[in-house]
Amino acid sequence: SPGGFLIYDSTWPRERSLHRQDITVLGVPLAKMCNEAFSVARVRILMKNVAYAGALVALLDIDIDLIRALLEETFAKKPKLVESNLQAIMLGYDYARQNFTCPLPVRAETMGDNSGKIMIDGNSALGLGFVYAGATVGAWYPITPSTSVMDSFKGYCEQFRTDPETGAKNFCIVQAEDELAAAGMVLGANWAGARAFTPTSGPGISLMGEFIGYAYYAEIPSVFVDVQRVGPSTGMPTRTQQCDLMLCAYASHGDTRHPILFPANPRECFEMAVQVFDLADRLQTPVFLLSDLDIGMNDWVVPELRWDDSYRPDRGKVLGPEDLKKMDRFVRYLDVDGDGIPYRTLPGEDSKGAYFTRGSGHNRYGGYTEDSAEYQDVMDRLLVKWETARHLVPSAVLTKAKRKTRLGIIAYGSSDGAVIEARDRLAERGIHADYLRIRAFPFGDEVREFLKGHKTVFVVEQNRDAQMKSLLLLEAGAAGERLVSILHYDGMPIPGECVIQGIVRHIEAEAAA
C-alpha cells in the first residue's frame, strides 16, 4: 500500500514496469549472497528466505539474541542446522545494517508480558488433542490444508504412545489410497472399539459421502475433521473459507443429520478434539469438526492449553461381557432409555453380543427388513437421538452489549476475531450489538432465544451462499426477515472492517427507507 516498504532480491534487476513512486524499495542481493556463502545448491535456495528474515530483523529492530535462541530451540536435535541458519540470518542482517537506515520508521514493538500464552496452529493443536482424547488410529489421504493434522498426530504419537523401553507403538496411522478408503478404515476401527479419525478438506468429504451415510444408519461412532478451504471443485487450496457447513450437516444421500463442532481458535481445536470423540461415542454417529485454513495453518497466540488429569473417555452405552450375562437377549437398535441411543457391543468380547452391522434396511432388533413400519420406526428413533444431541453439544457463547439493544450478531469459527474487533469499533460510534458465537450444530435453545430476542440479527460468515443463515432458517425456526447476511468469501481471513461496513450499510439503508 502507499507509504509502505518493499524488500526484493536485487540479484537480478527489477522490471521498469514494476517501479512505483509511492513506496520505498529496498534491494537485498539474497541469491548472490547465498551463492557465495553456501556450496550446496539446495541449501543456497533454502537459505535465501532465511537471509531475507535476517534483513527484516535489522530493519524492524528485532532482538537478534531472541532469533539466536529460537534457532537453537528449533534445531535442538540438529545443531549443525543452527550454525548454517544463523549464518544466513547474519548475511541479511549485516547487509541491511550496512546499506540501509535501520530501523525503519515501522518497527516491531515488544508486546509486553506474554506469560500464560503459547503460539500454535490449529492443526497441531488438533493432533495433540486427539492423543489426549485417546485416539489410537488415524487414516487419511493427503490434501491441503489438513495434511498437517496427521503429521502432528503422528509426531505426538511417536512421543507419547511409544514405549520408551521396548519401542512398542500403541498407535496405527494409515495413508489410504483415497478418501473413501480412509473413511472405511476409520469406521472399521471405531466399530472394533478404537478411537479413530480422518482429517480432510471439502473435496475429501464429498468423496467420503457413502461411508458417512453408512455410519449414520448403522450407528458407528466416527470422527471427521474438515479443515475448510476455498471451493468449489479444486478451488483455491491455499485460501480459507467457511464453505462446507451444508455439505457436512447433511452429508450423504437420504435423510441424514450430523453434529458439527466449530472451534474458533487453536485452543478450542485442542479442547474440541476431545469433545468430538466423546460425542461420537455417546451418540454412536459421525461427528464433524469444522476448522479452516486460517485456524489450521496459521500461528495463533492463545492461552496455554490446560488438561484435567481426571478425564476419562466417555464411551457411551457399551455393554461388556458382564453386562451381557445379566440379559436374556441383546438387540442392537432398541431404544431402552428413551433418548434415541441404543446399546452397542464390541466385536469379539462375547458371542451373546453379536449382531449384523448393516447399512441396508433394518428393524429395531437388527434384522433385515423391507417393512415400511419397521424402517420408519428406526428412522424416527434417529430423530429422537438428534434431539438428544442438541443438549450434548457445546452451547453457544453469548456476549452482551454494554447497553440494551435489539441488534444481534451471530458468527462461528474463525470469524470470531473480526466480530470482536467490529463490536468494539462500532460501540465507539454508538452502535451496540449483542454477540452469539455458535460452537455447535444442532443448535441449542440459547440460539432460538437469541433469534427471538433481537429485531435484527447479522449473520457473519465466510462463504457466498449464506450457509449458516440457511441452517438457522431450516433448523432453528429463524424468521427470515430478521436475518441479515454479512458475507466474505475472497479466500482471505475476514477483516473487522467487513463486519463494520455490513452493519453500518444496513442501518443507514433502514434509516433512509
# chains A, B, ... in the order shown; residues from 1 in each chain; ligands from 1

$ closest_atom_pairs --of "region 385-435 of chain A" --to "region 251-275 of chain A" --cutoff "8 Å" --atoms "only C-alpha atoms" --output "Markdown table"
| residue | atom | partner | partner_atom | distance |
| --- | --- | --- | --- | --- |
| A:Trp386 | CA | A:Arg257 | CA | 7.7 |
| A:Ala389 | CA | A:Pro259 | CA | 7.4 |
| A:Val393 | CA | A:Leu261 | CA | 7.8 |
| A:Pro394 | CA | A:Leu261 | CA | 7.8 |
| A:Tyr412 | CA | A:Phe262 | CA | 6.5 |
| A:Gly413 | CA | A:Ala264 | CA | 3.9 |
| A:Ser414 | CA | A:Ala264 | CA | 4.9 |
| A:Ser415 | CA | A:Ala264 | CA | 7.5 |
| A:Asp416 | CA | A:Ala264 | CA | 6.4 |

$ residues_around --residues "Glu497 (chain A)" --least-positions-apart "2" --cutoff "9 Å" --atoms "only C-alpha atoms" --output "PyMOL selection string"
chain A and resi 418+421-422+494-495+499-502

$ write_last_selection --atoms "C-alpha atoms" --output "PDB file, in the first residue's frame"
ATOM      1  CA  ALA A 418     -13.364  -9.951  13.248  1.00  0.00           C
ATOM      2  CA  GLU A 421     -12.965  -6.067  16.769  1.00  0.00           C
ATOM      3  CA  ALA A 422     -16.039  -4.800  14.924  1.00  0.00           C
ATOM      4  CA  ILE A 494     -12.366 -11.905   7.216  1.00  0.00           C
ATOM      5  CA  PRO A 495     -11.353  -8.423   8.486  1.00  0.00           C
ATOM      6  CA  VAL A 499     -18.368  -6.607   9.557  1.00  0.00           C
ATOM      7  CA  ILE A 500     -18.469  -2.877  10.342  1.00  0.00           C
ATOM      8  CA  GLN A 501     -19.359  -1.901   6.783  1.00  0.00           C
ATOM      9  CA  GLY A 502     -22.065  -4.533   6.549  1.00  0.00           C
TER      10      GLY A 502
END

$ atom_distance --atom1 "CA of Asp434 (chain A)" --atom2 "CA of Leu392 (chain A)"
24.4 Å

$ select_by_dssp --residues "region 198-319 of chain A" --states "helix (DSSP H, G or I)" --output "PyMOL selection string"
chain A and resi 202-218+245-249+266-283+293-297

$ closest_residue --among "A:Val504, A:Leu91, A:Ala41, A:Leu324" --to "Ala433 (chain A)" --atoms "only C-alpha atoms"
A:Val504

$ select_by_dssp --residues "region 365-482 of chain A" --states "strand (DSSP E)" --output "list in words"
Val397, Leu398, Thr399, Leu407, Gly408, Ile409, Ile410, Ala411, Tyr412, Asp434, Tyr435, Leu436, Arg437, Ile438, Ala440, Phe441, Thr456, Val457, Phe458, Val459, Val460 and Glu461 of chain A

$ closest_residue --among "A:Gly167, A:Pro342, A:Pro286, A:Gly127" --to "Gly316 (chain A)" --atoms "only C-alpha atoms"
A:Pro342

$ residues_around --residues "Arg107 (chain A)" --least-positions-apart "2" --cutoff "9 Å" --atoms "only C-alpha atoms" --output "PyMOL selection string"
chain A and resi 59-62+103-105+109

$ write_last_selection --atoms "N, CA and C atoms" --output "CSV table (one decimal), in the first residue's frame"
chain,number,residue,atom,x,y,z
A,59,LEU,N,15.9,-4.4,10.0
A,59,LEU,CA,15.0,-3.3,9.6
A,59,LEU,C,13.9,-3.0,10.6
A,60,LEU,N,13.5,-4.0,11.3
A,60,LEU,CA,12.4,-3.9,12.2
A,60,LEU,C,12.8,-3.8,13.7
A,61,ASP,N,14.2,-3.8,13.9
A,61,ASP,CA,14.7,-3.7,15.2
A,61,ASP,C,14.3,-4.8,16.1
A,62,ILE,N,14.3,-6.0,15.6
A,62,ILE,CA,14.0,-7.2,16.4
A,62,ILE,C,15.3,-7.7,17.1
A,103,PRO,N,16.7,1.2,12.5
A,103,PRO,CA,15.5,0.6,12.0
A,103,PRO,C,14.7,1.5,11.1
A,104,LEU,N,13.7,0.9,10.4
A,104,LEU,CA,12.7,1.7,9.6
A,104,LEU,C,11.8,2.4,10.6
A,105,PRO,N,11.1,3.4,10.0
A,105,PRO,CA,10.0,4.1,10.9
A,105,PRO,C,9.0,3.1,11.4
A,109,GLU,N,7.4,-3.8,17.8
A,109,GLU,CA,7.5,-3.3,19.2
A,109,GLU,C,7.2,-4.5,20.1

$ atom_distance --atom1 "CA of Leu436 (chain A)" --atom2 "CA of Leu382 (chain A)"
28.4 Å
